[in-house]
Structure formats: structure tokens, C-alpha cells
file my_file-v5.txt (compact mmCIF, C-alpha atoms)
# COMPACT_ATOMS: atom_id res chain seq x y z
CA MET W 18 0.00 0.00 0.00
CA ARG W 19 1.06 3.58 -0.50
CA SER W 20 2.53 5.75 2.22
CA THR W 21 0.53 8.48 3.96
CA ARG W 22 2.46 11.13 2.08
CA SER W 23 1.70 9.50 -1.28
CA THR W 24 -1.93 9.08 -0.38
CA ARG W 25 -2.18 12.75 0.57
CA TYR W 26 -0.63 13.75 -2.76
CA VAL W 27 -3.04 11.64 -4.80
CA LEU W 28 -6.13 13.11 -3.14
CA ILE W 29 -4.90 16.71 -3.17
CA ALA W 30 -3.82 16.51 -6.79
CA GLY W 31 -7.06 14.93 -7.89
CA ALA W 32 -9.18 17.54 -6.16
CA ALA W 33 -7.08 20.60 -6.91
CA ALA W 34 -7.19 19.91 -10.62
CA ILE W 35 -10.91 20.59 -10.78
CA ALA W 36 -12.62 23.98 -10.64
CA LEU W 37 -15.24 23.92 -7.93
CA LEU W 38 -18.60 25.62 -7.60
CA ALA W 39 -20.44 25.94 -4.30
CA THR W 40 -24.15 26.52 -4.07
CA ALA W 41 -25.27 27.74 -0.67
CA CYS W 42 -28.57 26.39 0.56
CA SER W 43 -28.77 28.51 3.68
CA GLY W 44 -25.94 30.94 3.01
CA ALA W 45 -22.59 29.26 3.68
CA GLY W 46 -20.71 31.07 6.41
CA THR W 47 -17.01 31.69 6.76
CA GLY W 48 -16.41 30.11 10.17
CA ALA W 49 -17.41 30.48 13.77
CA SER W 50 -19.63 33.31 14.88
CA PRO W 51 -18.44 35.94 17.39
CA GLU W 52 -20.21 33.93 20.12
CA GLY W 53 -17.64 31.19 19.55
CA GLY W 54 -18.82 27.90 18.04
CA LYS W 55 -22.43 28.97 17.63
CA SER W 56 -22.28 28.70 13.86
CA ILE W 57 -21.09 25.70 11.85
CA ASN W 58 -20.66 25.09 8.14
CA VAL W 59 -21.95 21.82 6.73
CA LEU W 60 -21.12 20.52 3.26
CA MET W 61 -23.49 17.89 1.94
CA VAL W 62 -24.66 16.09 -1.18
CA GLY W 63 -27.87 17.31 -2.81
CA ASN W 64 -30.00 14.21 -2.27
CA PRO W 65 -33.61 14.45 -1.03
CA GLN W 66 -32.74 13.40 2.52
CA MET W 67 -30.20 16.24 2.77
CA GLU W 68 -32.66 18.72 1.35
CA ASP W 69 -35.07 17.63 4.09
CA ILE W 70 -32.61 18.26 6.91
CA ALA W 71 -31.77 21.68 5.49
CA LYS W 72 -35.46 22.57 5.79
CA LEU W 73 -35.92 21.21 9.30
CA THR W 74 -32.76 22.33 11.09
CA LYS W 75 -33.52 25.98 11.85
CA SER W 76 -36.89 25.37 13.51
CA THR W 77 -35.68 22.40 15.55
CA PHE W 78 -31.95 21.91 16.12
CA THR W 79 -31.02 25.60 15.99
CA LYS W 80 -34.02 26.57 18.09
CA ASP W 81 -33.06 24.02 20.76
CA THR W 82 -29.28 24.56 20.82
CA GLY W 83 -28.70 28.08 19.49
CA ILE W 84 -26.26 26.65 16.93
CA LYS W 85 -26.78 28.09 13.45
CA VAL W 86 -26.08 25.68 10.63
CA ASN W 87 -24.94 27.00 7.26
CA PHE W 88 -25.51 24.36 4.57
CA THR W 89 -23.68 24.11 1.26
CA VAL W 90 -25.44 21.60 -0.99
CA LEU W 91 -23.75 20.23 -4.12
CA PRO W 92 -24.36 17.52 -6.74
CA GLU W 93 -22.56 14.29 -5.92
CA ASN W 94 -19.53 14.69 -8.17
CA GLU W 95 -18.95 18.29 -7.09
CA LEU W 96 -19.47 17.37 -3.44
CA ARG W 97 -16.74 14.73 -3.62
CA ASP W 98 -14.27 17.14 -5.20
CA LYS W 99 -15.08 19.95 -2.78
CA ALA W 100 -14.87 17.75 0.32
CA THR W 101 -11.61 16.17 -0.80
CA GLN W 102 -10.01 19.52 -1.55
CA ASP W 103 -11.12 21.13 1.69
CA ILE W 104 -10.10 18.26 3.94
CA ALA W 105 -6.93 17.19 2.11
CA THR W 106 -5.50 20.70 1.97
CA GLY W 107 -6.53 21.56 5.52
CA ALA W 108 -8.51 24.57 4.32
CA GLY W 109 -10.93 24.21 7.22
CA GLN W 110 -13.91 25.82 5.51
CA TYR W 111 -16.33 23.14 6.74
CA ASP W 112 -17.00 21.75 10.19
CA VAL W 113 -19.00 18.79 8.93
CA ALA W 114 -19.11 17.05 5.54
CA THR W 115 -21.11 14.15 4.14
CA ILE W 116 -18.78 11.43 3.01
CA GLY W 117 -19.25 7.71 2.59
CA ALA W 118 -17.99 4.19 3.07
CA TYR W 119 -15.24 4.74 0.48
CA GLU W 120 -13.67 7.80 2.06
CA VAL W 121 -13.83 6.94 5.77
CA PRO W 122 -11.18 4.20 6.04
CA ILE W 123 -8.84 5.99 3.64
CA TRP W 124 -9.14 9.41 5.26
CA GLN W 125 -8.88 7.93 8.74
CA LYS W 126 -5.45 6.55 7.86
CA THR W 127 -4.27 9.99 6.80
CA GLY W 128 -5.39 11.52 10.09
CA TRP W 129 -7.90 13.90 8.49
CA LEU W 130 -10.97 12.90 10.52
CA HIS W 131 -11.99 13.29 14.15
CA ASP W 132 -12.46 10.11 16.15
CA LEU W 133 -16.14 10.29 17.16
CA ASN W 134 -16.25 7.55 19.78
CA GLY W 135 -15.82 9.99 22.65
CA TYR W 136 -18.83 12.04 21.55
CA VAL W 137 -20.93 8.94 20.88
CA ASP W 138 -20.10 7.35 24.23
CA LYS W 139 -21.08 10.50 26.13
CA ALA W 140 -24.38 10.98 24.26
CA LYS W 141 -27.13 9.62 26.49
CA ASP W 142 -29.73 8.94 23.80
CA PHE W 143 -27.67 8.13 20.68
CA ASP W 144 -27.68 4.33 21.20
CA LYS W 145 -24.74 3.12 19.14
CA SER W 146 -25.80 -0.51 19.67
CA ASP W 147 -28.89 0.19 17.55
CA LEU W 148 -26.81 0.99 14.46
CA LEU W 149 -26.78 -1.77 11.83
CA THR W 150 -23.51 -3.71 11.90
CA PRO W 151 -22.69 -3.15 8.19
CA MET W 152 -23.01 0.61 8.72
CA VAL W 153 -20.72 0.60 11.77
CA GLN W 154 -18.13 -1.53 10.00
CA SER W 155 -18.11 0.62 6.86
CA LEU W 156 -17.67 3.85 8.86
CA SER W 157 -14.96 2.65 11.22
CA GLY W 158 -11.20 2.85 10.91
CA GLU W 159 -8.70 0.03 11.25
CA ASP W 160 -8.76 0.70 14.99
CA GLY W 161 -12.47 -0.17 15.11
CA ARG W 162 -13.50 3.33 16.15
CA LEU W 163 -16.20 5.40 14.43
CA TYR W 164 -15.00 8.24 12.21
CA ALA W 165 -18.40 9.13 10.71
CA LEU W 166 -22.02 8.86 11.85
CA PRO W 167 -24.51 7.40 9.37
CA PHE W 168 -27.28 9.65 8.08
CA TYR W 169 -28.81 6.92 5.98
CA GLY W 170 -27.65 3.57 4.64
CA GLU W 171 -28.44 1.82 1.42
CA SER W 172 -27.96 -1.15 -0.82
CA SER W 173 -29.34 -1.35 -4.36
CA PHE W 174 -32.42 -2.92 -5.86
CA LEU W 175 -34.71 -2.87 -8.88
CA MET W 176 -37.76 -0.61 -8.90
CA TYR W 177 -40.59 -1.16 -11.39
CA ARG W 178 -44.08 0.08 -12.17
CA LYS W 179 -46.52 -2.57 -10.95
CA ASP W 180 -49.44 -1.05 -12.85
CA VAL W 181 -47.52 -0.97 -16.14
CA PHE W 182 -46.39 -4.56 -15.70
CA ALA W 183 -49.95 -5.65 -14.94
CA GLU W 184 -51.31 -3.87 -18.03
CA LYS W 185 -48.64 -5.50 -20.23
CA GLY W 186 -48.98 -8.93 -18.62
CA LEU W 187 -45.39 -8.84 -17.35
CA LYS W 188 -44.14 -10.51 -14.17
CA MET W 189 -41.12 -9.37 -12.19
CA PRO W 190 -39.26 -12.15 -10.31
CA ARG W 191 -38.32 -11.32 -6.72
CA HIS W 192 -34.73 -12.25 -7.62
CA PRO W 193 -34.40 -11.34 -11.31
CA SER W 194 -31.42 -11.98 -13.57
CA TRP W 195 -30.04 -9.18 -15.72
CA ARG W 196 -31.12 -11.11 -18.81
CA GLN W 197 -34.69 -11.12 -17.52
CA VAL W 198 -34.45 -7.39 -16.79
CA ALA W 199 -33.30 -6.69 -20.36
CA ASP W 200 -36.22 -8.69 -21.74
CA LEU W 201 -38.69 -6.87 -19.49
CA ALA W 202 -37.22 -3.48 -20.44
CA ALA W 203 -37.80 -4.24 -24.11
CA LYS W 204 -41.40 -5.24 -23.47
CA ALA W 205 -42.14 -2.27 -21.20
CA ASP W 206 -40.55 0.26 -23.54
CA GLY W 207 -43.34 2.47 -24.87
CA ALA W 208 -45.97 0.96 -22.54
CA LYS W 209 -47.23 4.50 -22.03
CA PRO W 210 -46.62 7.56 -24.25
CA GLY W 211 -43.03 8.71 -23.77
CA MET W 212 -42.18 5.94 -21.29
CA LYS W 213 -38.89 4.09 -21.68
CA GLY W 214 -38.16 0.61 -20.43
CA ILE W 215 -35.50 1.38 -17.81
CA CYS W 216 -33.38 4.12 -16.26
CA LEU W 217 -29.68 3.47 -15.59
CA ARG W 218 -27.08 6.01 -14.57
CA GLY W 219 -24.83 7.21 -17.38
CA LEU W 220 -23.37 10.32 -15.77
CA PRO W 221 -19.57 10.04 -15.41
CA GLY W 222 -18.21 9.64 -11.90
CA TRP W 223 -16.96 6.71 -9.85
CA GLY W 224 -19.94 7.17 -7.52
CA GLU W 225 -22.44 7.93 -10.29
CA LEU W 226 -22.25 5.62 -13.32
CA GLY W 227 -19.46 3.72 -11.59
CA ALA W 228 -21.66 2.48 -8.72
CA PRO W 229 -24.36 0.55 -10.62
CA LEU W 230 -21.98 -0.48 -13.39
CA THR W 231 -19.45 -1.99 -10.97
CA SER W 232 -22.20 -3.99 -9.27
CA VAL W 233 -23.14 -5.35 -12.71
CA VAL W 234 -19.47 -6.09 -13.45
CA ASN W 235 -19.22 -8.09 -10.21
CA THR W 236 -22.16 -10.35 -11.01
CA PHE W 237 -21.05 -10.83 -14.65
CA GLY W 238 -17.77 -12.27 -13.36
CA GLY W 239 -15.58 -9.20 -13.74
CA THR W 240 -13.50 -7.09 -11.38
CA TRP W 241 -11.33 -3.97 -11.48
CA PHE W 242 -8.32 -5.84 -10.09
CA THR W 243 -7.42 -9.41 -9.20
CA LYS W 244 -6.24 -10.21 -5.68
CA ASP W 245 -2.61 -9.84 -6.79
CA TRP W 246 -3.27 -6.43 -8.41
CA LYS W 247 -3.61 -7.33 -12.05
CA ALA W 248 -5.86 -4.84 -13.83
CA GLN W 249 -8.96 -6.39 -15.43
CA VAL W 250 -10.80 -3.41 -16.94
CA ASN W 251 -10.66 -4.94 -20.42
CA GLY W 252 -11.03 -8.47 -19.10
CA GLU W 253 -13.83 -10.75 -20.33
CA GLY W 254 -16.17 -10.25 -17.39
CA PHE W 255 -15.77 -6.46 -17.32
CA LYS W 256 -16.36 -6.28 -21.09
CA LYS W 257 -19.45 -8.49 -21.00
CA ALA W 258 -21.00 -6.42 -18.23
CA THR W 259 -20.19 -3.06 -19.79
CA ARG W 260 -21.40 -4.07 -23.24
CA PHE W 261 -24.61 -5.35 -21.66
CA TYR W 262 -25.12 -2.17 -19.62
CA VAL W 263 -24.38 0.21 -22.51
CA ASP W 264 -26.51 -1.78 -24.95
CA LEU W 265 -29.45 -1.91 -22.54
CA VAL W 266 -29.49 1.80 -21.78
CA ARG W 267 -28.96 2.75 -25.44
CA LYS W 268 -31.83 0.53 -26.63
CA HIS W 269 -34.37 0.96 -23.85
CA GLY W 270 -33.03 3.61 -21.49
CA GLN W 271 -34.03 7.17 -20.73
CA ALA W 272 -33.38 10.16 -22.97
CA GLY W 273 -30.08 11.89 -22.24
CA ALA W 274 -28.75 8.79 -20.49
CA ALA W 275 -25.12 9.91 -20.69
CA GLN W 276 -25.98 12.87 -18.45
CA SER W 277 -28.30 11.01 -16.08
CA GLY W 278 -27.21 10.39 -12.50
CA PHE W 279 -29.18 9.40 -9.42
CA THR W 280 -31.18 12.65 -9.35
CA GLU W 281 -32.19 12.49 -13.01
CA CYS W 282 -33.30 8.86 -12.75
CA LEU W 283 -35.23 9.64 -9.56
CA ASN W 284 -37.08 12.39 -11.41
CA ALA W 285 -37.72 10.12 -14.41
CA MET W 286 -39.20 7.37 -12.23
CA SER W 287 -41.18 9.82 -10.12
CA GLN W 288 -42.71 11.45 -13.17
CA GLY W 289 -43.65 8.23 -14.95
CA LYS W 290 -41.07 8.48 -17.71
CA VAL W 291 -39.54 5.04 -17.14
CA ALA W 292 -40.97 1.62 -16.25
CA MET W 293 -37.94 0.37 -14.26
CA TRP W 294 -34.93 1.73 -12.45
CA TYR W 295 -31.95 -0.05 -10.89
CA ASP W 296 -30.37 2.08 -8.17
CA ALA W 297 -30.07 2.82 -4.47
CA THR W 298 -32.63 1.49 -2.01
CA SER W 299 -32.74 4.95 -0.44
CA ALA W 300 -34.67 6.20 -3.49
CA ALA W 301 -37.84 4.46 -2.32
CA GLY W 302 -38.72 7.04 0.31
CA SER W 303 -38.91 9.79 -2.30
CA LEU W 304 -40.72 7.60 -4.84
CA GLU W 305 -43.44 6.78 -2.30
CA ASP W 306 -44.08 10.40 -1.32
CA PRO W 307 -47.31 11.42 -3.11
CA ARG W 308 -46.42 15.10 -2.76
CA THR W 309 -43.44 14.74 -5.06
CA SER W 310 -43.98 11.49 -6.97
CA LYS W 311 -46.67 10.68 -9.51
CA ALA W 312 -45.67 7.02 -9.16
CA ALA W 313 -46.30 6.77 -5.40
CA GLY W 314 -48.13 3.55 -4.56
CA LYS W 315 -47.54 2.12 -8.04
CA ILE W 316 -44.00 0.80 -7.58
CA GLY W 317 -42.80 -2.71 -6.89
CA TYR W 318 -39.36 -3.65 -5.61
CA ALA W 319 -37.13 -6.62 -6.46
CA TYR W 320 -33.63 -7.62 -5.33
CA ALA W 321 -30.62 -6.39 -7.30
CA PRO W 322 -30.40 -8.41 -10.54
CA VAL W 323 -27.75 -11.11 -10.77
CA GLU W 324 -25.92 -13.16 -13.39
CA GLN W 325 -23.21 -15.36 -11.82
CA THR W 326 -23.53 -14.42 -8.14
CA LYS W 327 -26.27 -15.07 -5.59
CA SER W 328 -26.68 -11.36 -4.83
CA SER W 329 -25.31 -8.12 -6.24
CA GLY W 330 -26.60 -5.25 -4.12
CA TRP W 331 -24.04 -2.65 -3.12
CA LEU W 332 -23.40 -1.22 0.34
CA TRP W 333 -23.19 2.49 1.08
CA ALA W 334 -23.77 5.01 3.81
CA TRP W 335 -23.94 8.76 3.47
CA ALA W 336 -22.49 9.85 6.76
CA TRP W 337 -21.49 12.91 8.77
CA ALA W 338 -17.74 13.34 9.27
CA MET W 339 -15.82 16.02 11.14
CA PRO W 340 -12.51 17.23 9.65
CA LYS W 341 -9.63 17.62 12.09
CA THR W 342 -9.40 21.25 10.96
CA THR W 343 -12.70 22.32 12.54
CA LYS W 344 -12.55 24.93 15.30
CA ASN W 345 -16.13 24.12 16.33
CA ALA W 346 -15.82 20.45 17.25
CA ASP W 347 -18.35 20.40 20.08
CA ALA W 348 -21.02 22.25 18.10
CA ALA W 349 -20.34 20.09 15.05
CA ALA W 350 -20.64 16.94 17.15
CA LYS W 351 -24.00 18.08 18.55
CA PHE W 352 -25.33 18.51 15.02
CA MET W 353 -23.99 15.16 13.84
CA LEU W 354 -25.40 13.25 16.79
CA TRP W 355 -28.80 14.88 16.29
CA ALA W 356 -28.80 14.25 12.54
CA SER W 357 -27.99 10.56 13.06
CA SER W 358 -30.41 10.02 15.94
CA LYS W 359 -33.71 8.24 16.49
CA LYS W 360 -35.12 11.63 17.45
CA TYR W 361 -34.38 13.06 14.02
CA GLU W 362 -35.94 10.08 12.25
CA LYS W 363 -39.15 10.61 14.24
CA LEU W 364 -39.06 14.32 13.41
CA VAL W 365 -38.96 13.56 9.69
CA GLY W 366 -41.78 11.07 10.04
CA ALA W 367 -43.96 13.56 11.88
CA LYS W 368 -43.18 16.59 9.72
CA LEU W 369 -42.58 15.18 6.22
CA GLY W 370 -44.08 11.68 6.20
CA TRP W 371 -42.75 8.34 7.39
CA ALA W 372 -41.70 7.16 3.93
CA ARG W 373 -39.12 9.97 3.86
CA VAL W 374 -37.29 8.84 7.01
CA PRO W 375 -33.52 8.54 6.32
CA ALA W 376 -33.45 4.83 7.08
CA GLY W 377 -31.03 1.98 6.48
CA LYS W 378 -28.86 2.70 9.53
CA ARG W 379 -30.82 1.65 12.65
CA ALA W 380 -32.51 -1.63 13.51
CA SER W 381 -35.17 0.19 15.55
CA THR W 382 -36.38 2.12 12.50
CA TYR W 383 -37.84 -1.05 11.06
CA GLU W 384 -39.86 -1.64 14.23
CA ILE W 385 -41.62 1.75 14.27
CA PRO W 386 -45.29 1.02 13.41
CA GLN W 387 -45.72 4.17 11.32
CA TYR W 388 -42.55 3.48 9.35
CA LYS W 389 -43.41 -0.20 8.84
CA LYS W 390 -46.72 0.86 7.36
CA ALA W 391 -45.25 3.57 5.12
CA ALA W 392 -42.37 1.34 4.00
CA ALA W 393 -44.40 -1.86 3.67
CA SER W 394 -43.47 -2.26 0.00
CA PHE W 395 -39.73 -1.64 0.35
CA GLY W 396 -38.64 -1.70 4.01
CA ASP W 397 -37.99 -5.41 4.36
CA ILE W 398 -36.17 -5.81 1.05
CA THR W 399 -34.02 -2.78 1.87
CA LEU W 400 -32.99 -4.16 5.24
CA ARG W 401 -32.29 -7.62 3.85
CA SER W 402 -30.26 -6.19 0.96
CA ILE W 403 -28.08 -4.21 3.37
CA GLN W 404 -27.59 -7.21 5.64
CA GLN W 405 -26.62 -9.60 2.85
CA ALA W 406 -24.25 -7.25 1.02
CA ASP W 407 -20.70 -8.63 1.07
CA PRO W 408 -17.96 -6.00 0.62
CA VAL W 409 -15.25 -8.65 1.05
CA ASN W 410 -16.43 -11.08 -1.63
CA PRO W 411 -18.82 -9.25 -3.97
CA GLY W 412 -17.93 -11.20 -7.11
CA VAL W 413 -16.67 -14.58 -8.32
CA GLN W 414 -12.99 -14.10 -7.50
CA PRO W 415 -10.91 -12.83 -4.52
CA ARG W 416 -10.32 -9.06 -4.36
CA PRO W 417 -7.32 -7.02 -3.20
CA THR W 418 -9.48 -4.66 -1.10
CA VAL W 419 -12.98 -4.43 0.31
CA GLY W 420 -15.75 -2.66 -1.60
CA ILE W 421 -18.68 -3.67 -3.77
CA GLN W 422 -19.23 -0.67 -6.03
CA PHE W 423 -15.76 0.78 -5.50
CA VAL W 424 -12.16 -0.25 -4.86
CA ALA W 425 -10.98 0.99 -1.47
CA ILE W 426 -7.78 2.73 -2.55
CA PRO W 427 -7.15 6.49 -2.82
CA GLU W 428 -6.45 6.30 -6.56
CA PHE W 429 -9.89 4.90 -7.36
CA GLN W 430 -11.49 8.31 -7.06
CA ASP W 431 -9.54 9.45 -10.11
CA LEU W 432 -9.40 6.11 -11.93
CA GLY W 433 -13.10 5.36 -11.59
CA THR W 434 -14.05 8.82 -12.80
CA LYS W 435 -11.77 8.67 -15.85
CA VAL W 436 -12.95 5.22 -16.90
CA THR W 437 -16.62 6.13 -16.48
CA GLN W 438 -16.07 9.24 -18.59
CA GLU W 439 -15.10 6.94 -21.46
CA ILE W 440 -17.99 4.56 -20.84
CA SER W 441 -20.41 7.49 -20.68
CA ALA W 442 -19.09 8.55 -24.06
CA ALA W 443 -19.90 5.05 -25.33
CA ILE W 444 -23.45 5.44 -24.02
CA ALA W 445 -23.65 8.72 -25.94
CA GLY W 446 -22.40 6.95 -29.08
CA LYS W 447 -19.16 8.91 -29.23
CA THR W 448 -16.84 5.93 -28.79
CA SER W 449 -16.95 2.14 -28.57
CA VAL W 450 -17.02 0.06 -25.40
CA ASP W 451 -13.85 -1.75 -26.48
CA LYS W 452 -11.92 1.50 -26.92
CA ALA W 453 -13.24 2.86 -23.63
CA LEU W 454 -12.15 -0.23 -21.73
CA ASN W 455 -8.80 -0.56 -23.50
CA ASP W 456 -8.01 3.02 -22.52
CA GLY W 457 -9.23 2.31 -19.01
CA GLN W 458 -7.04 -0.79 -18.78
CA LYS W 459 -3.91 1.31 -19.31
CA GLN W 460 -4.94 3.66 -16.52
CA ALA W 461 -5.79 0.75 -14.23
CA GLU W 462 -2.40 -0.87 -14.93
CA ASP W 463 -0.65 2.30 -13.82
CA VAL W 464 -2.58 2.20 -10.55
CA ALA W 465 -1.93 -1.51 -10.06
CA LYS W 466 1.85 -1.06 -10.32
CA LYS W 467 1.78 1.13 -7.22
CA HIS W 468 0.17 -1.59 -5.09
CA ARG W 469 2.05 -4.74 -6.10

call {"tool": "encode", "arguments": {"input": "my_file-v5.txt", "output": "C-alpha cells"}}
result
Amino acid sequence: MRSTRSTRYVLIAGAAAIALLATACSGAGTGASPEGGKSINVLMVGNPQMEDIAKLTKSTFTKDTGIKVNFTVLPENELRDKATQDIATGAGQYDVATIGAYEVPIWQKTGWLHDLNGYVDKAKDFDKSDLLTPMVQSLSGEDGRLYALPFYGESSFLMYRKDVFAEKGLKMPRHPSWRQVADLAAKADGAKPGMKGICLRGLPGWGELGAPLTSVVNTFGGTWFTKDWKAQVNGEGFKKATRFYVDLVRKHGQAGAAQSGFTECLNAMSQGKVAMWYDATSAAGSLEDPRTSKAAGKIGYAYAPVEQTKSSGWLWAWAWAMPKTTKNADAAAKFMLWASSKKYEKLVGAKLGWARVPAGKRASTYEIPQYKKAAASFGDITLRSIQQADPVNPGVQPRPTVGIQFVAIPEFQDLGTKVTQEISAAIAGKTSVDKALNDGQKQAEDVAKKHR
């Protein structure tokens, strides 16, 4: 593995090379207020659950604690670049940032993150024992201590329009294969005016297109690297999976697929523009909200499609982390503990509807009567998908690191983004899959040399 100094260089160089834009949701501040620690800056991804907390914080958390929270909300790719640059360079602009299962173990090794065990242990009502084991493991360092608190956890599954399938006489297996999904997408394509068969991410980014694609690669028998660090980006399994994915989305996928990420597919499914969608289990809460989704109550859920493996769902947590550079550690910790608490989940249920609860992190969530009722169609399959996800052995061969939809090395942030840029171009018809993967293989080989 690379040294701490080399790791720091990779992350700083990757982030500093990109121009960054920040969109303030509540007016991003420039640090602590004159009162000392009464104002914190929070950087977070622009997913529905984060938009919800931005709406609820002032009238609840700030009212109760006096701590003002300035949110900066960014699309996923921009969020990753901004967080990496701020934390890696020690800029100290943010007191809290949403990061995930990929960043936590890597950034913990570099010493960039606060150890949160002390805050968790002192919190009377946080109840660490209630957190799902996969979430705790994915957000802990090598020392077994927590370095981020989960906001919500997720695996992946297949979402489909039950009413459309019924009208077309189609049946979705509870455990479908990707071949069955392709056949169903073809038959559902055009079922309603303007409706396409399936939505799949095509937006470049290791955490955008790279997430669902890598889970498909795993179950088709491929991998980014073998256990002994031989690059396999143009290997047989990787090629089969990528050709399948690109062909499916080009034939039966949404318009503008090469620029579609999680948000665009969520909108397409919510507005009835697609009959199926393979993506994060966390999408269900938004899809079942009748205030924002025309498809609420019409969606069925199936396990992540497979080919050569028994399961293929990924494992992820969007979580709150505190950079070592913060000067407002106590205030930041109060916010993080609140945002990850049972109390906050109940607040969302009461104020916004139980389907919108940021779930997937606590066992107790799935025992709340109101949530069980609201999540009846997707709660159980979400929990089971998270519990059966296997970051150690997600494919058909041994891996050099943990990770289902990513490779847990610092260089993957750059490698995964570059390779998905080429594959996105193939989706757009600007290049071939073979050329994209051959180019990606060269980049992967350069990375592999550093780890042998």
C-alpha cells in the first residue's frame, strides 16, 4: 500500500485539478460566529434526505441549541471534489461534511478525521448498539472506532411500475437476472406515451455511473483488479458487463442517459417516464411520497439483478464526518449526533411523512409502526439487501481490497471517474465500449503497479 504522504498527494492533486462551484442552501458562512462555536458550516450532497434536513434544522436543532447551521449543498460529483479539496488541503472551511464508506477508512489513515467515539459514548440517547452492523463496520477505521455517523444507509435494488407490468402482462421475479431485466425493459418500452423501459445512470463519476456499473461487473464475473493487483478493466467479465449495460441503456433507457445520474433517474421514475430503475434502495422514500412522486403507490421492488452471483446489491452510507481542521468540534458533534439520531428520524416522520425517514442505519427504524406501514413495500427488502451485502467477496474471485461498487484505494477516485467518462461517451455513441475499456485498462495498470 502507499505511504501516507503518497496518499495525501493523490487526493490533493485529484481535487485541486478541478474547478469547484459551491451553491449555498442557507448561506454558507465563513467560520465560527463571534459567540464562539455557535455557527457551523456543513457541506453535503444534494440528495432528497439532505434537502429535508436543510429545511428542518432551523426550527428544531437551531431553536433548541442556538447553533446556526450554514448548509452548502452540491451535486454528488462536485461534493466529492469539494470535500476532498477542503479536507486534504486543511482549508478548514467546513466543520461537517457528508462522506461515505469509500472515504472513511482511507481518510482515517491519513489523520484527516476526528475520532467520534468519545462524543458517541457520552451521548445519552444516541444508542450506538442500535446501528446496523454493516453501517458501523463501513464507517470505522482500522482501529475499530467510528469516524463518521450514518445519516442513511443503502444497498441497491430494482424498482418497477406494478401497474404498467400488470397492463402489459409482465411478471417481475423477486430475484431477477439481468437477462430477464433486459427482456422486461424491451417489453415495457413504450408501454405509455413517452415511457422508456429502464433508467440506468450514465453520468460520469466513480460514484455515479461507476456504482451501478461496478455492481453489474461483479455479477457478470468481472473485477477492477485481481487479488494480486492485475488490472482487469478490459477483461472478459468487465467487457461483458459493460457491453450489456451500454446496450441496454442505449436501446431501452431514458433520454439523455449519458448525463443522467441518481437525481435524473429519480425524477424520471417519479414522473412516470420510465418503467424500471436499478439504483439505491434509499430512493424508495422519495418515490413513495405522493407530494413529489406521480408514481407513489404504483411501484414494486425486487432484489438487485444477478448473473453469476447469488446477490449483487451494493453497500453504502452517506455519513457525517468532522474534519480535524474544525474549530467548532463540540457544536459540530451536537449537530452530527442529532442528525444521526432516532429523534431526528421521528421528526422527519412527523413533519414530512414516514416514507421519507432517512433509514437503512438503525434496527429500531424497522420496528416503528408508522414506518413499517409507510415502508411496507420496500422496508424489508431494503434491510435484507443491506444485511446480505458482502464488501469482502462481492464477485466470483478474490479481491485485493474491500468494496462492492468501489475499490478501497485512494487512486480509485480518479481512476473510476476517468474510466466512467469513457464509458459514458460510449453510451452517448461517441466511442466504442472496447476503446473505452482498453483506454481504461492502461490507466488501471498504472494504478496496479503502485500496489504490487

call {"tool": "closest_residue", "arguments": {"input": "my_file-v5.txt", "among": "W:Val291, W:Ile398, W:Leu265, W:Ile440", "to": "Gly222 of chain W", "atoms": "only C-alpha atoms"}}
result
W:Ile440

call {"tool": "residues_around", "arguments": {"input": "my_file-v5.txt", "residues": "Asp264 of chain W", "least_positions_apart": "4", "cutoff": "12 Å", "atoms": "all atoms listed in the file", "output": "ChimeraX atom specification"}}
result
/W:199,202-203,215,217,219,256-260,268-270,274,440-441,443-446,449-450

call {"tool": "closest_residue", "arguments": {"input": "my_file-v5.txt", "among": "W:Thr280, W:Lys55, W:Lys188, W:Thr236", "to": "Thr82 of chain W", "atoms": "only C-alpha atoms"}}
result
W:Lys55

call {"tool": "atom_distance", "arguments": {"input": "my_file-v5.txt", "atom1": "atom CA of Asn455 of chain W", "atom2": "atom CA of Asn251 of chain W"}}
result
5.7 Å

call {"tool": "atom_distance", "arguments": {"input": "my_file-v5.txt", "atom1": "atom CA of Pro167 of chain W", "atom2": "atom CA of Arg401 of chain W"}}
result
17.8 Å

call {"tool": "build_atoms", "arguments": {"input": "my_file-v5.txt", "residues": "segment 141-153 of chain W", "atoms": "N, CA and C atoms", "output": "PDB file, in the coordinates of the input"}}
result
ATOM      1  N   LYS W 141     -26.237  10.485  25.725  1.00  0.00           N
ATOM      2  CA  LYS W 141     -27.130   9.620  26.490  1.00  0.00           C
ATOM      3  C   LYS W 141     -28.148   8.885  25.616  1.00  0.00           C
ATOM      4  N   ASP W 142     -28.636   9.540  24.560  1.00  0.00           N
ATOM      5  CA  ASP W 142     -29.730   8.940  23.800  1.00  0.00           C
ATOM      6  C   ASP W 142     -29.345   8.584  22.367  1.00  0.00           C
ATOM      7  N   PHE W 143     -28.045   8.449  22.060  1.00  0.00           N
ATOM      8  CA  PHE W 143     -27.670   8.130  20.680  1.00  0.00           C
ATOM      9  C   PHE W 143     -27.846   6.639  20.386  1.00  0.00           C
ATOM     10  N   ASP W 144     -27.502   5.773  21.317  1.00  0.00           N
ATOM     11  CA  ASP W 144     -27.680   4.330  21.200  1.00  0.00           C
ATOM     12  C   ASP W 144     -26.902   3.745  20.018  1.00  0.00           C
ATOM     13  N   LYS W 145     -25.605   3.687  20.183  1.00  0.00           N
ATOM     14  CA  LYS W 145     -24.740   3.120  19.140  1.00  0.00           C
ATOM     15  C   LYS W 145     -25.072   1.671  18.840  1.00  0.00           C
ATOM     16  N   SER W 146     -25.499   0.918  19.857  1.00  0.00           N
ATOM     17  CA  SER W 146     -25.800  -0.510  19.670  1.00  0.00           C
ATOM     18  C   SER W 146     -26.947  -0.744  18.708  1.00  0.00           C
ATOM     19  N   ASP W 147     -27.745   0.294  18.453  1.00  0.00           N
ATOM     20  CA  ASP W 147     -28.890   0.190  17.550  1.00  0.00           C
ATOM     21  C   ASP W 147     -28.472   0.322  16.085  1.00  0.00           C
ATOM     22  N   LEU W 148     -27.275   0.827  15.831  1.00  0.00           N
ATOM     23  CA  LEU W 148     -26.810   0.990  14.460  1.00  0.00           C
ATOM     24  C   LEU W 148     -26.580  -0.376  13.808  1.00  0.00           C
ATOM     25  N   LEU W 149     -26.969  -0.517  12.544  1.00  0.00           N
ATOM     26  CA  LEU W 149     -26.780  -1.770  11.830  1.00  0.00           C
ATOM     27  C   LEU W 149     -25.285  -2.068  11.695  1.00  0.00           C
ATOM     28  N   THR W 150     -24.923  -3.312  11.924  1.00  0.00           N
ATOM     29  CA  THR W 150     -23.510  -3.710  11.900  1.00  0.00           C
ATOM     30  C   THR W 150     -22.799  -3.335  10.610  1.00  0.00           C
ATOM     31  N   PRO W 151     -23.388  -3.543   9.410  1.00  0.00           N
ATOM     32  CA  PRO W 151     -22.690  -3.150   8.190  1.00  0.00           C
ATOM     33  C   PRO W 151     -22.372  -1.656   8.126  1.00  0.00           C
ATOM     34  N   MET W 152     -23.248  -0.835   8.716  1.00  0.00           N
ATOM     35  CA  MET W 152     -23.010   0.610   8.720  1.00  0.00           C
ATOM     36  C   MET W 152     -21.842   0.951   9.635  1.00  0.00           C
ATOM     37  N   VAL W 153     -21.805   0.344  10.820  1.00  0.00           N
ATOM     38  CA  VAL W 153     -20.720   0.600  11.770  1.00  0.00           C
ATOM     39  C   VAL W 153     -19.386   0.154  11.178  1.00  0.00           C
TER      40      VAL W 153
END
